[in-house]
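Next comes query.txt, with compact mmCIF, N, CA and C atoms.
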# COMPACT_ATOMS: atom_id res chain seq x y z
N MET A 1 -10.17 11.99 3.74
CA MET A 1 -9.54 10.95 2.95
C MET A 1 -9.20 11.54 1.58
N PRO A 2 -7.94 11.44 1.15
CA PRO A 2 -7.56 11.96 -0.16
C PRO A 2 -8.29 11.26 -1.31
N THR A 3 -8.30 11.93 -2.44
CA THR A 3 -8.87 11.35 -3.65
C THR A 3 -7.74 10.89 -4.55
N ALA A 4 -8.07 10.40 -5.73
CA ALA A 4 -7.06 9.91 -6.67
C ALA A 4 -6.08 11.00 -7.08
N ALA A 5 -6.41 12.27 -6.82
CA ALA A 5 -5.50 13.36 -7.16
C ALA A 5 -4.28 13.37 -6.23
N VAL A 6 -4.35 12.67 -5.10
CA VAL A 6 -3.24 12.57 -4.17
C VAL A 6 -2.60 11.20 -4.32
N GLY A 7 -1.28 11.16 -4.36
CA GLY A 7 -0.59 9.88 -4.44
C GLY A 7 -0.58 9.32 -5.84
N VAL A 8 -0.70 8.00 -5.90
CA VAL A 8 -0.64 7.28 -7.17
C VAL A 8 -1.78 6.27 -7.20
N LEU A 9 -2.35 6.07 -8.39
CA LEU A 9 -3.44 5.11 -8.59
C LEU A 9 -2.89 3.94 -9.39
N LEU A 10 -2.91 2.75 -8.78
CA LEU A 10 -2.34 1.56 -9.43
C LEU A 10 -3.44 0.53 -9.71
N PRO A 11 -3.47 -0.02 -10.92
CA PRO A 11 -4.49 -1.04 -11.22
C PRO A 11 -4.22 -2.34 -10.49
N VAL A 12 -5.29 -3.00 -10.07
CA VAL A 12 -5.22 -4.32 -9.45
C VAL A 12 -6.37 -5.16 -10.01
N GLU A 13 -6.17 -6.46 -10.02
CA GLU A 13 -7.19 -7.38 -10.52
C GLU A 13 -7.85 -8.13 -9.38
N VAL A 14 -9.15 -8.20 -9.41
CA VAL A 14 -9.91 -9.05 -8.51
C VAL A 14 -10.36 -10.25 -9.34
N HIS A 15 -10.01 -11.43 -8.90
CA HIS A 15 -10.33 -12.66 -9.61
C HIS A 15 -11.57 -13.33 -9.01
N PHE A 16 -12.24 -14.10 -9.82
CA PHE A 16 -13.46 -14.79 -9.41
C PHE A 16 -13.27 -15.59 -8.12
N ASP A 17 -12.14 -16.25 -7.99
CA ASP A 17 -11.93 -17.11 -6.82
C ASP A 17 -11.63 -16.33 -5.54
N GLU A 18 -11.57 -15.01 -5.63
CA GLU A 18 -11.39 -14.19 -4.43
C GLU A 18 -12.73 -13.75 -3.83
N LEU A 19 -13.81 -14.05 -4.53
CA LEU A 19 -15.14 -13.69 -4.05
C LEU A 19 -15.64 -14.77 -3.10
N ASP A 20 -16.37 -14.36 -2.08
CA ASP A 20 -16.87 -15.33 -1.10
C ASP A 20 -18.18 -15.95 -1.58
N ALA A 21 -18.83 -16.71 -0.72
CA ALA A 21 -20.06 -17.41 -1.08
C ALA A 21 -21.20 -16.45 -1.45
N MET A 22 -21.11 -15.20 -1.00
CA MET A 22 -22.14 -14.21 -1.32
C MET A 22 -21.80 -13.43 -2.59
N GLY A 23 -20.67 -13.75 -3.21
CA GLY A 23 -20.26 -13.05 -4.42
C GLY A 23 -19.55 -11.73 -4.15
N LEU A 24 -19.06 -11.55 -2.93
CA LEU A 24 -18.35 -10.32 -2.53
C LEU A 24 -16.88 -10.62 -2.33
N LEU A 25 -16.04 -9.63 -2.56
CA LEU A 25 -14.62 -9.80 -2.30
C LEU A 25 -14.43 -10.11 -0.82
N HIS A 26 -13.77 -11.22 -0.53
CA HIS A 26 -13.56 -11.63 0.86
C HIS A 26 -12.73 -10.57 1.58
N ASN A 27 -13.07 -10.29 2.83
CA ASN A 27 -12.41 -9.21 3.58
C ASN A 27 -10.89 -9.35 3.62
N SER A 28 -10.37 -10.56 3.66
CA SER A 28 -8.92 -10.76 3.74
C SER A 28 -8.20 -10.37 2.45
N ARG A 29 -8.91 -10.29 1.35
CA ARG A 29 -8.28 -10.01 0.05
C ARG A 29 -7.97 -8.53 -0.15
N TYR A 30 -8.63 -7.64 0.59
CA TYR A 30 -8.36 -6.21 0.45
C TYR A 30 -6.90 -5.91 0.80
N GLN A 31 -6.42 -6.49 1.90
CA GLN A 31 -5.03 -6.27 2.29
C GLN A 31 -4.08 -6.82 1.24
N VAL A 32 -4.41 -7.95 0.64
CA VAL A 32 -3.58 -8.51 -0.42
C VAL A 32 -3.49 -7.54 -1.60
N LEU A 33 -4.61 -6.93 -1.97
CA LEU A 33 -4.60 -5.96 -3.07
C LEU A 33 -3.70 -4.77 -2.74
N VAL A 34 -3.76 -4.29 -1.50
CA VAL A 34 -2.91 -3.18 -1.08
C VAL A 34 -1.43 -3.58 -1.14
N GLU A 35 -1.10 -4.75 -0.63
CA GLU A 35 0.29 -5.21 -0.66
C GLU A 35 0.79 -5.37 -2.09
N ARG A 36 -0.03 -5.91 -2.97
CA ARG A 36 0.37 -6.07 -4.37
C ARG A 36 0.60 -4.71 -5.03
N ALA A 37 -0.23 -3.74 -4.69
CA ALA A 37 -0.04 -2.39 -5.25
C ALA A 37 1.28 -1.79 -4.77
N TRP A 38 1.60 -1.97 -3.47
CA TRP A 38 2.88 -1.44 -2.96
C TRP A 38 4.06 -2.10 -3.66
N VAL A 39 4.00 -3.41 -3.84
CA VAL A 39 5.09 -4.12 -4.53
C VAL A 39 5.24 -3.57 -5.95
N ALA A 40 4.13 -3.39 -6.65
CA ALA A 40 4.19 -2.86 -8.02
C ALA A 40 4.77 -1.44 -8.03
N PHE A 41 4.37 -0.61 -7.08
CA PHE A 41 4.87 0.77 -7.01
C PHE A 41 6.39 0.78 -6.84
N TRP A 42 6.89 0.07 -5.82
CA TRP A 42 8.33 0.10 -5.54
C TRP A 42 9.14 -0.63 -6.61
N SER A 43 8.61 -1.75 -7.11
CA SER A 43 9.32 -2.50 -8.15
C SER A 43 9.50 -1.67 -9.41
N ALA A 44 8.48 -0.92 -9.79
CA ALA A 44 8.56 -0.07 -10.99
C ALA A 44 9.61 1.03 -10.84
N ARG A 45 10.02 1.27 -9.61
CA ARG A 45 11.02 2.31 -9.35
C ARG A 45 12.38 1.72 -8.98
N GLY A 46 12.53 0.41 -9.23
CA GLY A 46 13.82 -0.25 -9.06
C GLY A 46 14.13 -0.78 -7.67
N PHE A 47 13.12 -0.87 -6.81
CA PHE A 47 13.33 -1.40 -5.46
C PHE A 47 12.93 -2.86 -5.41
N GLY A 48 13.58 -3.62 -4.56
CA GLY A 48 13.21 -5.02 -4.37
C GLY A 48 14.29 -5.99 -4.72
N GLY A 49 15.12 -5.68 -5.70
CA GLY A 49 16.23 -6.55 -6.04
C GLY A 49 15.82 -7.90 -6.58
N SER A 50 16.79 -8.78 -6.70
CA SER A 50 16.56 -10.08 -7.32
C SER A 50 15.67 -11.00 -6.49
N ASN A 51 15.74 -10.90 -5.16
CA ASN A 51 14.86 -11.75 -4.36
C ASN A 51 13.76 -10.95 -3.67
N GLY A 52 13.68 -9.65 -3.97
CA GLY A 52 12.60 -8.83 -3.45
C GLY A 52 12.80 -8.29 -2.06
N LEU A 53 13.92 -8.61 -1.42
CA LEU A 53 14.10 -8.19 -0.02
C LEU A 53 15.37 -7.39 0.22
N GLU A 54 16.01 -6.91 -0.82
CA GLU A 54 17.24 -6.16 -0.61
C GLU A 54 16.95 -4.72 -0.16
N ASN A 55 17.86 -4.19 0.63
CA ASN A 55 17.88 -2.77 1.00
C ASN A 55 16.56 -2.31 1.60
N ASP A 56 15.97 -1.25 1.05
CA ASP A 56 14.74 -0.69 1.61
C ASP A 56 13.56 -1.65 1.54
N ALA A 57 13.63 -2.64 0.68
CA ALA A 57 12.53 -3.61 0.58
C ALA A 57 12.54 -4.60 1.74
N PHE A 58 13.58 -4.57 2.56
CA PHE A 58 13.65 -5.44 3.74
C PHE A 58 12.93 -4.69 4.86
N ASN A 59 11.61 -4.85 4.91
CA ASN A 59 10.81 -4.14 5.90
C ASN A 59 9.63 -5.00 6.31
N VAL A 60 9.03 -4.64 7.41
CA VAL A 60 7.88 -5.37 7.94
C VAL A 60 6.74 -4.40 8.21
N VAL A 61 5.53 -4.92 8.14
CA VAL A 61 4.35 -4.11 8.45
C VAL A 61 4.13 -4.15 9.96
N LYS A 62 4.09 -2.97 10.55
CA LYS A 62 3.84 -2.86 11.99
C LYS A 62 2.34 -2.75 12.29
N ALA A 63 1.63 -2.04 11.44
CA ALA A 63 0.20 -1.83 11.67
C ALA A 63 -0.52 -1.71 10.33
N PHE A 64 -1.74 -2.23 10.30
CA PHE A 64 -2.57 -2.15 9.11
C PHE A 64 -4.00 -1.91 9.58
N THR A 65 -4.60 -0.80 9.17
CA THR A 65 -5.99 -0.52 9.52
C THR A 65 -6.82 -0.53 8.25
N ILE A 66 -8.08 -0.87 8.40
CA ILE A 66 -8.98 -0.88 7.25
C ILE A 66 -10.40 -0.56 7.70
N THR A 67 -11.07 0.23 6.89
CA THR A 67 -12.50 0.49 7.02
C THR A 67 -13.13 0.13 5.69
N TYR A 68 -14.17 -0.69 5.74
CA TYR A 68 -14.87 -1.10 4.53
C TYR A 68 -16.00 -0.13 4.26
N ASP A 69 -16.01 0.46 3.07
CA ASP A 69 -17.00 1.48 2.73
C ASP A 69 -18.13 0.94 1.85
N ALA A 70 -17.80 0.06 0.94
CA ALA A 70 -18.80 -0.52 0.03
C ALA A 70 -18.25 -1.85 -0.46
N PRO A 71 -19.10 -2.82 -0.75
CA PRO A 71 -18.59 -4.12 -1.18
C PRO A 71 -18.13 -4.12 -2.64
N VAL A 72 -17.06 -4.87 -2.89
CA VAL A 72 -16.65 -5.20 -4.26
C VAL A 72 -17.45 -6.45 -4.59
N SER A 73 -18.29 -6.37 -5.62
CA SER A 73 -19.22 -7.47 -5.89
C SER A 73 -19.04 -8.12 -7.25
N ALA A 74 -17.86 -7.92 -7.86
CA ALA A 74 -17.60 -8.55 -9.15
C ALA A 74 -16.09 -8.64 -9.36
N SER A 75 -15.69 -9.63 -10.14
CA SER A 75 -14.28 -9.69 -10.52
C SER A 75 -14.03 -8.61 -11.57
N GLY A 76 -12.75 -8.30 -11.78
CA GLY A 76 -12.41 -7.30 -12.78
C GLY A 76 -11.28 -6.40 -12.33
N THR A 77 -11.07 -5.33 -13.07
CA THR A 77 -10.00 -4.38 -12.77
C THR A 77 -10.51 -3.29 -11.84
N TYR A 78 -9.76 -3.09 -10.76
CA TYR A 78 -10.02 -2.04 -9.79
C TYR A 78 -8.71 -1.26 -9.65
N ALA A 79 -8.57 -0.49 -8.59
CA ALA A 79 -7.33 0.25 -8.37
C ALA A 79 -7.09 0.38 -6.87
N VAL A 80 -5.83 0.65 -6.54
CA VAL A 80 -5.47 1.02 -5.18
C VAL A 80 -4.77 2.37 -5.29
N ASN A 81 -5.28 3.32 -4.55
CA ASN A 81 -4.72 4.67 -4.46
C ASN A 81 -3.80 4.68 -3.23
N LEU A 82 -2.52 4.98 -3.45
CA LEU A 82 -1.52 4.97 -2.37
C LEU A 82 -0.91 6.35 -2.19
N TRP A 83 -0.61 6.70 -0.95
CA TRP A 83 0.10 7.93 -0.65
C TRP A 83 0.81 7.77 0.68
N ILE A 84 1.82 8.59 0.90
CA ILE A 84 2.57 8.58 2.17
C ILE A 84 2.00 9.67 3.07
N ASP A 85 1.58 9.28 4.27
CA ASP A 85 1.11 10.25 5.27
C ASP A 85 2.25 10.78 6.11
N ARG A 86 3.18 9.90 6.49
CA ARG A 86 4.29 10.29 7.36
C ARG A 86 5.49 9.41 7.05
N LEU A 87 6.63 10.08 6.86
CA LEU A 87 7.88 9.36 6.61
C LEU A 87 8.83 9.68 7.76
N GLY A 88 9.05 8.70 8.62
CA GLY A 88 9.96 8.87 9.74
C GLY A 88 11.36 8.39 9.38
N THR A 89 12.21 8.28 10.36
CA THR A 89 13.58 7.82 10.13
C THR A 89 13.61 6.37 9.69
N THR A 90 12.87 5.51 10.40
CA THR A 90 12.87 4.07 10.09
C THR A 90 11.48 3.55 9.73
N SER A 91 10.47 4.39 9.85
CA SER A 91 9.10 3.96 9.58
C SER A 91 8.44 4.84 8.53
N ALA A 92 7.39 4.32 7.94
CA ALA A 92 6.59 5.09 6.98
C ALA A 92 5.14 4.67 7.17
N THR A 93 4.27 5.67 7.32
CA THR A 93 2.85 5.41 7.40
C THR A 93 2.21 5.91 6.13
N ALA A 94 1.51 5.02 5.47
CA ALA A 94 0.88 5.33 4.20
C ALA A 94 -0.62 5.18 4.30
N GLY A 95 -1.31 6.00 3.55
CA GLY A 95 -2.74 5.85 3.40
C GLY A 95 -3.03 5.10 2.12
N TYR A 96 -4.19 4.53 2.04
CA TYR A 96 -4.59 3.83 0.82
C TYR A 96 -6.11 3.84 0.69
N ARG A 97 -6.55 3.66 -0.53
CA ARG A 97 -7.96 3.41 -0.84
C ARG A 97 -8.01 2.27 -1.84
N VAL A 98 -8.84 1.28 -1.62
CA VAL A 98 -9.18 0.30 -2.64
C VAL A 98 -10.39 0.91 -3.33
N CYS A 99 -10.28 1.10 -4.64
CA CYS A 99 -11.30 1.89 -5.32
C CYS A 99 -11.57 1.38 -6.73
N SER A 100 -12.51 2.03 -7.38
CA SER A 100 -12.80 1.72 -8.78
C SER A 100 -11.59 2.10 -9.62
N SER A 101 -11.50 1.57 -10.81
CA SER A 101 -10.31 1.81 -11.64
C SER A 101 -10.11 3.29 -11.97
N ASP A 102 -11.18 4.08 -11.95
CA ASP A 102 -11.05 5.52 -12.21
C ASP A 102 -10.83 6.31 -10.93
N GLY A 103 -10.84 5.64 -9.77
CA GLY A 103 -10.61 6.29 -8.49
C GLY A 103 -11.82 6.99 -7.91
N GLU A 104 -12.96 6.89 -8.56
CA GLU A 104 -14.15 7.63 -8.11
C GLU A 104 -14.88 6.97 -6.94
N THR A 105 -14.96 5.65 -6.92
CA THR A 105 -15.69 4.93 -5.87
C THR A 105 -14.71 4.27 -4.92
N THR A 106 -14.86 4.53 -3.64
CA THR A 106 -14.00 3.92 -2.62
C THR A 106 -14.71 2.73 -2.00
N TYR A 107 -14.03 1.58 -2.00
CA TYR A 107 -14.57 0.36 -1.40
C TYR A 107 -14.02 0.14 0.00
N ALA A 108 -12.78 0.55 0.24
CA ALA A 108 -12.17 0.42 1.56
C ALA A 108 -11.03 1.43 1.64
N HIS A 109 -10.71 1.84 2.84
CA HIS A 109 -9.59 2.76 3.03
C HIS A 109 -8.94 2.48 4.38
N GLY A 110 -7.71 2.98 4.54
CA GLY A 110 -7.02 2.78 5.80
C GLY A 110 -5.59 3.25 5.74
N THR A 111 -4.79 2.71 6.66
CA THR A 111 -3.38 3.06 6.74
C THR A 111 -2.54 1.79 6.88
N ARG A 112 -1.28 1.95 6.53
CA ARG A 112 -0.32 0.85 6.64
C ARG A 112 1.01 1.45 7.09
N THR A 113 1.56 0.97 8.19
CA THR A 113 2.85 1.44 8.68
C THR A 113 3.88 0.34 8.52
N ALA A 114 4.98 0.68 7.87
CA ALA A 114 6.07 -0.28 7.66
C ALA A 114 7.33 0.23 8.35
N ILE A 115 8.16 -0.69 8.81
CA ILE A 115 9.43 -0.40 9.46
C ILE A 115 10.54 -1.04 8.64
N ARG A 116 11.55 -0.25 8.27
CA ARG A 116 12.70 -0.82 7.56
C ARG A 116 13.61 -1.50 8.58
N LEU A 117 14.06 -2.71 8.26
CA LEU A 117 14.93 -3.48 9.16
C LEU A 117 16.31 -3.69 8.55
N ASP A 118 17.28 -3.78 9.43
CA ASP A 118 18.62 -4.20 9.03
C ASP A 118 18.56 -5.71 8.85
N PRO A 119 18.95 -6.24 7.68
CA PRO A 119 18.81 -7.68 7.45
C PRO A 119 19.70 -8.54 8.34
N ALA A 120 20.75 -7.99 8.90
CA ALA A 120 21.64 -8.78 9.76
C ALA A 120 21.15 -8.82 11.20
N THR A 121 20.60 -7.71 11.68
CA THR A 121 20.21 -7.63 13.09
C THR A 121 18.70 -7.67 13.33
N PHE A 122 17.93 -7.43 12.28
CA PHE A 122 16.47 -7.32 12.37
C PHE A 122 16.03 -6.16 13.25
N LEU A 123 16.90 -5.16 13.40
CA LEU A 123 16.57 -3.95 14.14
C LEU A 123 16.20 -2.85 13.15
N PRO A 124 15.38 -1.89 13.58
CA PRO A 124 15.03 -0.78 12.68
C PRO A 124 16.28 -0.05 12.19
N THR A 125 16.26 0.33 10.93
CA THR A 125 17.37 1.06 10.32
C THR A 125 16.80 2.12 9.39
N PRO A 126 17.49 3.24 9.20
CA PRO A 126 16.93 4.34 8.40
C PRO A 126 16.70 3.98 6.94
N TRP A 127 15.63 4.58 6.39
CA TRP A 127 15.37 4.48 4.95
C TRP A 127 16.51 5.17 4.21
N SER A 128 16.80 4.71 3.01
CA SER A 128 17.84 5.34 2.20
C SER A 128 17.33 6.68 1.65
N ASP A 129 18.28 7.52 1.24
CA ASP A 129 17.91 8.79 0.62
C ASP A 129 17.10 8.55 -0.65
N ARG A 130 17.46 7.53 -1.40
CA ARG A 130 16.73 7.21 -2.63
C ARG A 130 15.27 6.85 -2.33
N ALA A 131 15.04 6.03 -1.32
CA ALA A 131 13.67 5.67 -0.95
C ALA A 131 12.90 6.90 -0.48
N ARG A 132 13.56 7.77 0.26
CA ARG A 132 12.92 9.00 0.72
C ARG A 132 12.51 9.88 -0.46
N ASP A 133 13.39 9.98 -1.45
CA ASP A 133 13.07 10.79 -2.63
C ASP A 133 11.85 10.25 -3.37
N VAL A 134 11.79 8.94 -3.52
CA VAL A 134 10.64 8.33 -4.20
C VAL A 134 9.37 8.52 -3.36
N ALA A 135 9.46 8.30 -2.06
CA ALA A 135 8.31 8.45 -1.18
C ALA A 135 7.74 9.87 -1.24
N ARG A 136 8.62 10.85 -1.35
CA ARG A 136 8.16 12.24 -1.41
C ARG A 136 7.30 12.52 -2.64
N THR A 137 7.46 11.71 -3.69
CA THR A 137 6.65 11.93 -4.90
C THR A 137 5.19 11.60 -4.69
N ILE A 138 4.87 10.85 -3.63
CA ILE A 138 3.47 10.53 -3.34
C ILE A 138 3.07 10.92 -1.92
N THR A 139 3.77 11.87 -1.35
CA THR A 139 3.44 12.32 0.01
C THR A 139 2.25 13.27 -0.03
N ALA A 140 1.28 12.98 0.81
CA ALA A 140 0.08 13.82 0.89
C ALA A 140 0.44 15.18 1.49
N PRO A 141 -0.18 16.24 0.99
CA PRO A 141 0.07 17.56 1.59
C PRO A 141 -0.31 17.55 3.07
N GLN A 142 0.52 18.15 3.89
CA GLN A 142 0.26 18.21 5.32
C GLN A 142 -0.74 19.30 5.64
N LYS A 143 -1.66 19.01 6.57
CA LYS A 143 -2.65 20.00 6.99
C LYS A 143 -2.03 20.92 8.01
N ASP A 144 -2.44 22.17 7.97
CA ASP A 144 -1.96 23.15 8.96
C ASP A 144 -2.61 22.96 10.30

Would you give me this structure, written as structure tokens?
Amino acid sequence: MPTAAVGVLLPVEVHFDELDAMGLLHNSRYQVLVERAWVAFWSARGFGGSNGLENDAFNVVKAFTITYDAPVSASGTYAVNLWIDRLGTTSATAGYRVCSSDGETTYAHGTRTAIRLDPATFLPTPWSDRARDVARTITAPQKD
């Protein structure tokens, strides 16, 4: 699993009302934190448009995996570490870690695969060259 040195580390907030009856971040909220980090990453680079679904932002999640490593037991600022594992013609598989704000402690990790769709047909369509260029800035080094 990569460390904060791979990809990008984005701050996220955990709010009090996201904690369950035991005072732990509810399992469903981890995916929300990952999705919010992706939106922040792409939005900061000019993707998403006025309604958030134009061009490369018109995509769907095909698969989402998660392994919980340690509980988040307080509200506050944390981070999501994002990187691209594989960029295909119409799909992208990314790795992520929900972690401490400094990236040192991992609370959960996994992968997320998204498919870009044509908004008229809802069929897979290739990522733009611009999206590919941005994705390459956070692509994890490939193992031999």

(message) Using only C-alpha atoms, which protein or nucleic acid residues come within 6 Å of stretch 69-83 of chain A? Drop anything in the same chain fewer than 6 positions from it, and give the result as a PyMOL selection string.
(response) chain A and resi 7-16+23-25+94-101+107-108+138-139

(message) So, with all atoms listed in the file as the atoms that count, which of A:Ala44, A:Ala131, A:Ala37, A:Val61 lies closest to A:Thr113?
(response) A:Val61

(message) Could you go through chain A and tell me which residues DSSP, when run on the backbone, assigns to strand (DSSP E), listing them as a VMD selection string?
(response) chain A and resid 8 to 14 59 to 68 76 to 87 91 to 100 106 to 116

Those of chain A in DSSP alpha helix (DSSP H), formatted as a short mmCIF file (atom, residue, chain, number, x, y, z; two decimals) with N, CA and C atoms, keeping the file's coordinate frame:
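New file out_16.cif:
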data_model
loop_
_atom_site.label_atom_id
_atom_site.label_comp_id
_atom_site.auth_asym_id
_atom_site.auth_seq_id
_atom_site.Cartn_x
_atom_site.Cartn_y
_atom_site.Cartn_z
N ASN A 27 -13.07 -10.29 2.83
CA ASN A 27 -12.41 -9.21 3.58
C ASN A 27 -10.89 -9.35 3.62
N SER A 28 -10.37 -10.56 3.66
CA SER A 28 -8.92 -10.76 3.74
C SER A 28 -8.20 -10.37 2.45
N ARG A 29 -8.91 -10.29 1.35
CA ARG A 29 -8.28 -10.01 0.05
C ARG A 29 -7.97 -8.53 -0.15
N TYR A 30 -8.63 -7.64 0.59
CA TYR A 30 -8.36 -6.21 0.45
C TYR A 30 -6.90 -5.91 0.80
N GLN A 31 -6.42 -6.49 1.90
CA GLN A 31 -5.03 -6.27 2.29
C GLN A 31 -4.08 -6.82 1.24
N VAL A 32 -4.41 -7.95 0.64
CA VAL A 32 -3.58 -8.51 -0.42
C VAL A 32 -3.49 -7.54 -1.60
N LEU A 33 -4.61 -6.93 -1.97
CA LEU A 33 -4.60 -5.96 -3.07
C LEU A 33 -3.70 -4.77 -2.74
N VAL A 34 -3.76 -4.29 -1.50
CA VAL A 34 -2.91 -3.18 -1.08
C VAL A 34 -1.43 -3.58 -1.14
N GLU A 35 -1.10 -4.75 -0.63
CA GLU A 35 0.29 -5.21 -0.66
C GLU A 35 0.79 -5.37 -2.09
N ARG A 36 -0.03 -5.91 -2.97
CA ARG A 36 0.37 -6.07 -4.37
C ARG A 36 0.60 -4.71 -5.03
N ALA A 37 -0.23 -3.74 -4.69
CA ALA A 37 -0.04 -2.39 -5.25
C ALA A 37 1.28 -1.79 -4.77
N TRP A 38 1.60 -1.97 -3.47
CA TRP A 38 2.88 -1.44 -2.96
C TRP A 38 4.06 -2.10 -3.66
N VAL A 39 4.00 -3.41 -3.84
CA VAL A 39 5.09 -4.12 -4.53
C VAL A 39 5.24 -3.57 -5.95
N ALA A 40 4.13 -3.39 -6.65
CA ALA A 40 4.19 -2.86 -8.02
C ALA A 40 4.77 -1.44 -8.03
N PHE A 41 4.37 -0.61 -7.08
CA PHE A 41 4.87 0.77 -7.01
C PHE A 41 6.39 0.78 -6.84
N TRP A 42 6.89 0.07 -5.82
CA TRP A 42 8.33 0.10 -5.54
C TRP A 42 9.14 -0.63 -6.61
N SER A 43 8.61 -1.75 -7.11
CA SER A 43 9.32 -2.50 -8.15
C SER A 43 9.50 -1.67 -9.41
N ASP A 129 18.28 7.52 1.24
CA ASP A 129 17.91 8.79 0.62
C ASP A 129 17.10 8.55 -0.65
N ARG A 130 17.46 7.53 -1.40
CA ARG A 130 16.73 7.21 -2.63
C ARG A 130 15.27 6.85 -2.33
N ALA A 131 15.04 6.03 -1.32
CA ALA A 131 13.67 5.67 -0.95
C ALA A 131 12.90 6.90 -0.48
N ARG A 132 13.56 7.77 0.26
CA ARG A 132 12.92 9.00 0.72
C ARG A 132 12.51 9.88 -0.46
N ASP A 133 13.39 9.98 -1.45
CA ASP A 133 13.07 10.79 -2.63
C ASP A 133 11.85 10.25 -3.37
N VAL A 134 11.79 8.94 -3.52
CA VAL A 134 10.64 8.33 -4.20
C VAL A 134 9.37 8.52 -3.36
N ALA A 135 9.46 8.30 -2.06
CA ALA A 135 8.31 8.45 -1.18
C ALA A 135 7.74 9.87 -1.24
N ARG A 136 8.62 10.85 -1.35
CA ARG A 136 8.16 12.24 -1.41
C ARG A 136 7.30 12.52 -2.64
#

As a PDB file with N, CA and C atoms, in the coordinates of the input, please: the residues near A:Arg136 (cut-off 12 Å, only C-alpha atoms, same-chain neighbours under 6 positions excluded).
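Final output, saved to around.pdb:
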ATOM      1  N   VAL A   6      -4.350  12.670  -5.100  1.00  0.00           N
ATOM      2  CA  VAL A   6      -3.240  12.570  -4.170  1.00  0.00           C
ATOM      3  C   VAL A   6      -2.600  11.200  -4.320  1.00  0.00           C
ATOM      4  N   GLY A   7      -1.280  11.160  -4.360  1.00  0.00           N
ATOM      5  CA  GLY A   7      -0.590   9.880  -4.440  1.00  0.00           C
ATOM      6  C   GLY A   7      -0.580   9.320  -5.840  1.00  0.00           C
ATOM      7  N   VAL A   8      -0.700   8.000  -5.900  1.00  0.00           N
ATOM      8  CA  VAL A   8      -0.640   7.280  -7.170  1.00  0.00           C
ATOM      9  C   VAL A   8      -1.780   6.270  -7.200  1.00  0.00           C
ATOM     10  N   TRP A  83      -0.610   6.700  -0.950  1.00  0.00           N
ATOM     11  CA  TRP A  83       0.100   7.930  -0.650  1.00  0.00           C
ATOM     12  C   TRP A  83       0.810   7.770   0.680  1.00  0.00           C
ATOM     13  N   ILE A  84       1.820   8.590   0.900  1.00  0.00           N
ATOM     14  CA  ILE A  84       2.570   8.580   2.170  1.00  0.00           C
ATOM     15  C   ILE A  84       2.000   9.670   3.070  1.00  0.00           C
ATOM     16  N   ASP A  85       1.580   9.280   4.270  1.00  0.00           N
ATOM     17  CA  ASP A  85       1.110  10.250   5.270  1.00  0.00           C
ATOM     18  C   ASP A  85       2.250  10.780   6.110  1.00  0.00           C
ATOM     19  N   ARG A  86       3.180   9.900   6.490  1.00  0.00           N
ATOM     20  CA  ARG A  86       4.290  10.290   7.360  1.00  0.00           C
ATOM     21  C   ARG A  86       5.490   9.410   7.050  1.00  0.00           C
ATOM     22  N   LEU A  87       6.630  10.080   6.860  1.00  0.00           N
ATOM     23  CA  LEU A  87       7.880   9.360   6.610  1.00  0.00           C
ATOM     24  C   LEU A  87       8.830   9.680   7.760  1.00  0.00           C
ATOM     25  N   GLY A  88       9.050   8.700   8.620  1.00  0.00           N
ATOM     26  CA  GLY A  88       9.960   8.870   9.740  1.00  0.00           C
ATOM     27  C   GLY A  88      11.360   8.390   9.380  1.00  0.00           C
ATOM     28  N   ALA A  92       7.390   4.320   7.940  1.00  0.00           N
ATOM     29  CA  ALA A  92       6.590   5.090   6.980  1.00  0.00           C
ATOM     30  C   ALA A  92       5.140   4.670   7.170  1.00  0.00           C
ATOM     31  N   ALA A  94       1.510   5.020   5.470  1.00  0.00           N
ATOM     32  CA  ALA A  94       0.880   5.330   4.200  1.00  0.00           C
ATOM     33  C   ALA A  94      -0.620   5.180   4.300  1.00  0.00           C
ATOM     34  N   ASP A 129      18.280   7.520   1.240  1.00  0.00           N
ATOM     35  CA  ASP A 129      17.910   8.790   0.620  1.00  0.00           C
ATOM     36  C   ASP A 129      17.100   8.550  -0.650  1.00  0.00           C
ATOM     37  N   ARG A 130      17.460   7.530  -1.400  1.00  0.00           N
ATOM     38  CA  ARG A 130      16.730   7.210  -2.630  1.00  0.00           C
ATOM     39  C   ARG A 130      15.270   6.850  -2.330  1.00  0.00           C
ATOM     40  N   GLN A 142       0.520  18.150   3.890  1.00  0.00           N
ATOM     41  CA  GLN A 142       0.260  18.210   5.320  1.00  0.00           C
ATOM     42  C   GLN A 142      -0.740  19.300   5.640  1.00  0.00           C
TER      43      GLN A 142
END

(message) Under the rule that only N, CA and C atoms are counted, which of A:Pro124, A:Pro141, A:Pro119, A:Gly110 is the nearest residue to A:Ile66?
(response)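 Selected residue with least distance to A:Ile66: A:Gly110.
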
(message) I need the residue nearest A:Asn27 from this list: A:Asp118, A:Ser128, A:Arg45, A:Tyr68. Use only C-alpha atoms for the distance.
(response)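 Residue with the minimum atom-to-atom distance to A:Asn27: A:Tyr68.
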
(message) For a test of reading the model, state the distance in Å between atom N of A:Met22 and atom C of A:Glu35, rounded to one decimal.
(response)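 Between these atoms lies a distance of 24.0 Å.
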
(message) From the options A:Asp56, A:Asp102, A:Asp20, A:Asp133, which residue's atoms come nearest to A:Leu117, counting only N, CA and C atoms?
(response)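 Ranked by minimum distance to A:Leu117, first place goes to A:Asp56.
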
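The closest residue to A:Thr90, picked from A:Ala21, A:Phe58, A:Thr67, A:Trp127 and counting all atoms listed in the file, is A:Trp127.
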
(message) Please compute the atom C of A:Pro126-atom C of A:Val60 distance, one decimal, in Å.
(response)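 Here the two named atoms are 13.1 Å from each other.
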
(message) Between A:Ile115, A:Leu19, A:Ala5, A:Val34, which residue has the minimum interatomic distance to A:Asn59, considering all atoms listed in the file?
(response) A:Ile115

(request) Quick one: pull the distance between atom CA of A:Thr125 and atom N of A:Thr89, Å, one decimal. (result)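 Interatomic distance here is 8.9 Å.
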